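Undergrad: The structure that follows is given in the form of structure tokens.
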Amino acid sequence: MKTGIETVIAWSGLSLYAARLLRPVVAAHPVQVVASRARFPFAGLEEHLGAPVHWIDDTRPHTWAEVGLPVPRLFIHTGWNIPGFNSLAGAAARTGAWRVPMIDNNWQGTPRQWLGRLVYRVAMRRHFDRVIVPGRDGVRFLRRLGTPAQRVHVGMYGADPALFPPGLPGGSRPKTMLFVGQMIERKGLVELAAAWRASGAATRGWTLRCFGRGPLESLLQGLPGVTCGGFIQAEELSAELQRARVLVLPSRQEHWGVVVHEAALSGCALIVSSAAGAAADLLGPGNGLVVPPANAGGLQRALEQVFARPPEWFDAASTGSAGRATNFGPHRWLAMYEALGADLLGANGKNASLPPAAGSTCS
């Protein structure tokens, strides 16, 4: 039976996938959830989580009294620049609590990241006791920032297989490709529109179904074989993914890409930009293609390669995607949390099993 408050998990813009990820942890351990509202409406979040949420405006500082919770022993929170969570983390640190941010960046080598690397090493690293990241690219990113691998836990993102079960083998599905996401430049909509038009996809019997909203939706509307819909809830998306052969996500920047995991669980083949962190975790030679970001020609060639594949390749891709997808999801979050608990919560106060992070004031 759960007693007391061991941990608080704070999630900025709590979404359905996040609520489903946290559900097993909340059910098994004395954990409370603090969150801000997501930009898009998700139905029944507290029912999916299985617990009430302490809703706050995370754009301004808060005290634990304002949130209505005592200071926990362990505070896990998304981001490292969210005022509401940083204020709570600072107050928790003054009581000797553990602080563990969830950081979803992946290394792209931009000037901003090189500057951020210096800022993190000098001013930020001492504030974090451990870090949670989505996958392999996140581990590499934190290593570049100077965080030892043993302080990094993997599994931040993922979808629930109960909501995204596999459909028919890929070769038995219609020649349908899906794009799901905001209709903005960062998602590679300019490249997708150009590549789709140049590939002659419609003359090969392929259709592209797009779900999301944004200013670049007009680039896709009217293209041969393309239909556009708005934001859809998880149950509707699951049905779409079960009927599609391929998910395409040609983002110029994508910290991980939960929709890639949703598609992999559903048995889709994948065409994903190398800028997406999920590409390192969920794509292999047998279930899709990784394409360079901001490269319409490279995306066109990938589309044409996939269009030429026989039904048997899509059958194998379904199996490959589903197999890789088993590494992420609610079970991974529970295992990750319990590993953190064994590492941190098994001791009175700060755990001395590892040396403090460089520059840390914790002992």
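Residue names in the structure tokens use chain letters A, B, ... in the order shown, residue numbers from 1 in each chain, and ligand numbers from 1 in the order shown.
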If you run DSSP on the backbone, which residues of segment 46-150 of chain A are strand (DSSP E), as a list in words?
TA: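 Result set for segment 46-150 of chain A (strand (DSSP E)): Val53, His54, Trp55, Leu74, Phe75, Ile76, His77, Thr78, Trp98, Arg99, Val100, Pro101, Met102, Val131, Ile132 and Val133 of chain A.
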Undergrad: What are the DSSP alpha helix (DSSP H) residues of segment 4-154 of chain A, as a PyMOL selection string?
TA: chain A and resi 16-28+45-49+64-67+83-93+111-119+136-144
Undergrad: I'd like the neighbourhood of segment 326-334 of chain A as number ranges by chain, where a residue qualifies if any of its atoms comes within 10 Å (using only C-alpha atoms), though same-chain residues fewer than 6 positions away should be ignored.
TA: A: 17-29, 134-135, 153-162, 258, 261-262, 264-265, 281-282, 340
Undergrad: Between atom CA of Arg173 of chain A and atom CA of Ala276 of chain A, what is the spacing in Å?
TA: 25.8 Å
Undergrad: Extract, using only C-alpha atoms, all DNA, RNA and protein residues at most 7 Å from segment 270-272 of chain A, discarding same-chain residues fewer than 3 positions from it, and format them as a short mmCIF file (atom, residue, chain, number, x, y, z; two decimals) with C-alpha atoms, in the first residue's frame.
TA:
```
data_model
loop_
_atom_site.label_atom_id
_atom_site.label_comp_id
_atom_site.auth_asym_id
_atom_site.auth_seq_id
_atom_site.Cartn_x
_atom_site.Cartn_y
_atom_site.Cartn_z
CA VAL A 246 4.35 3.90 -43.60
CA LEU A 247 4.79 6.84 -41.24
CA VAL A 248 6.83 9.73 -42.62
CA LEU A 249 8.38 12.33 -40.28
CA PRO A 250 10.96 14.47 -42.14
CA ALA A 279 15.50 7.37 -35.33
CA ASN A 287 11.94 -1.44 -41.01
CA GLY A 288 12.54 1.88 -42.72
CA LEU A 289 14.85 4.62 -43.90
CA VAL A 290 16.58 7.51 -42.15
CA VAL A 291 16.72 10.66 -44.29
#
```
Undergrad: Counting only C-alpha atoms, which residue out of A:Thr319, A:Ser266, A:Ser273, A:Thr110 sits closest to Gly286 of chain A?
TA: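 Of A:Thr319, A:Ser266, A:Ser273, A:Thr110, the one nearest Gly286 of chain A, counting only C-alpha atoms, is A:Thr319.
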Undergrad: Name all residues at most 9 Å from Ser199 of chain A (count only C-alpha atoms; drop same-chain ones fewer than 3 positions away) and give them as a CSV table (one decimal) with C-alpha atoms, in the first residue's frame.
TA:
```csv
chain,number,residue,atom,x,y,z
A,194,ALA,CA,8.1,18.9,-52.7
A,195,ALA,CA,9.2,15.3,-52.4
A,196,TRP,CA,5.7,14.0,-52.6
A,202,ALA,CA,-0.2,9.2,-56.7
A,300,GLN,CA,12.1,12.0,-52.6
A,301,ARG,CA,14.6,9.2,-53.1
A,303,LEU,CA,9.8,7.7,-50.9
A,304,GLU,CA,10.7,6.2,-54.3
```
Undergrad: List the spatial neighbours of segment 203-210 of chain A as a PyMOL selection string - criterion: any atom at most 6 Å away, only C-alpha atoms, same-chain residues fewer than 2 positions off excluded.
TA: chain A and resi 175-180+200-201+225-228
Undergrad: Just the residues within 12 Å of Pro70 of chain A, please, counting only C-alpha atoms, with nothing from its chain fewer than 2 positions along; format it as an MDAnalysis selection string.
TA: chainID A and resid 4:8 31:32 63:68 72:75 88 91:92 95 97
Undergrad: Grab the residues selected above and save them as an mmCIF file, in the first residue's frame with C-alpha atoms.
TA:
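selection16.cif was written with the following content:
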```
data_model
loop_
_atom_site.group_PDB
_atom_site.id
_atom_site.type_symbol
_atom_site.label_atom_id
_atom_site.label_comp_id
_atom_site.auth_asym_id
_atom_site.auth_seq_id
_atom_site.Cartn_x
_atom_site.Cartn_y
_atom_site.Cartn_z
ATOM 1 C CA GLY A 4 3.240 9.304 2.302
ATOM 2 C CA ILE A 5 4.679 11.220 -0.646
ATOM 3 C CA GLU A 6 7.942 9.784 -1.879
ATOM 4 C CA THR A 7 8.130 11.475 -5.268
ATOM 5 C CA VAL A 8 6.566 14.306 -7.229
ATOM 6 C CA VAL A 31 3.933 9.465 -6.344
ATOM 7 C CA GLN A 32 2.029 12.686 -7.037
ATOM 8 C CA THR A 63 5.902 27.344 -3.625
ATOM 9 C CA TRP A 64 5.092 23.837 -2.469
ATOM 10 C CA ALA A 65 2.350 25.312 -0.281
ATOM 11 C CA GLU A 66 0.724 26.853 -3.376
ATOM 12 C CA VAL A 67 0.807 23.496 -5.120
ATOM 13 C CA GLY A 68 -0.780 21.895 -2.058
ATOM 14 C CA PRO A 72 8.976 15.222 -1.607
ATOM 15 C CA ARG A 73 12.173 13.211 -1.218
ATOM 16 C CA LEU A 74 12.567 13.061 -5.002
ATOM 17 C CA PHE A 75 11.465 15.718 -7.519
ATOM 18 C CA LEU A 88 9.907 23.948 -6.782
ATOM 19 C CA ALA A 91 12.856 24.671 -2.596
ATOM 20 C CA ALA A 92 13.165 20.887 -2.646
ATOM 21 C CA THR A 95 15.503 20.294 2.237
ATOM 22 C CA ALA A 97 15.693 16.288 -1.743
#
```
Undergrad: Find, counting only C-alpha atoms, the residue in A:Ala38, A:Val306, A:Ile132, A:Ala296 that gets nearest to Trp55 of chain A.
TA: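 Distance minimum relative to Trp55 of chain A lands on A:Ala38.
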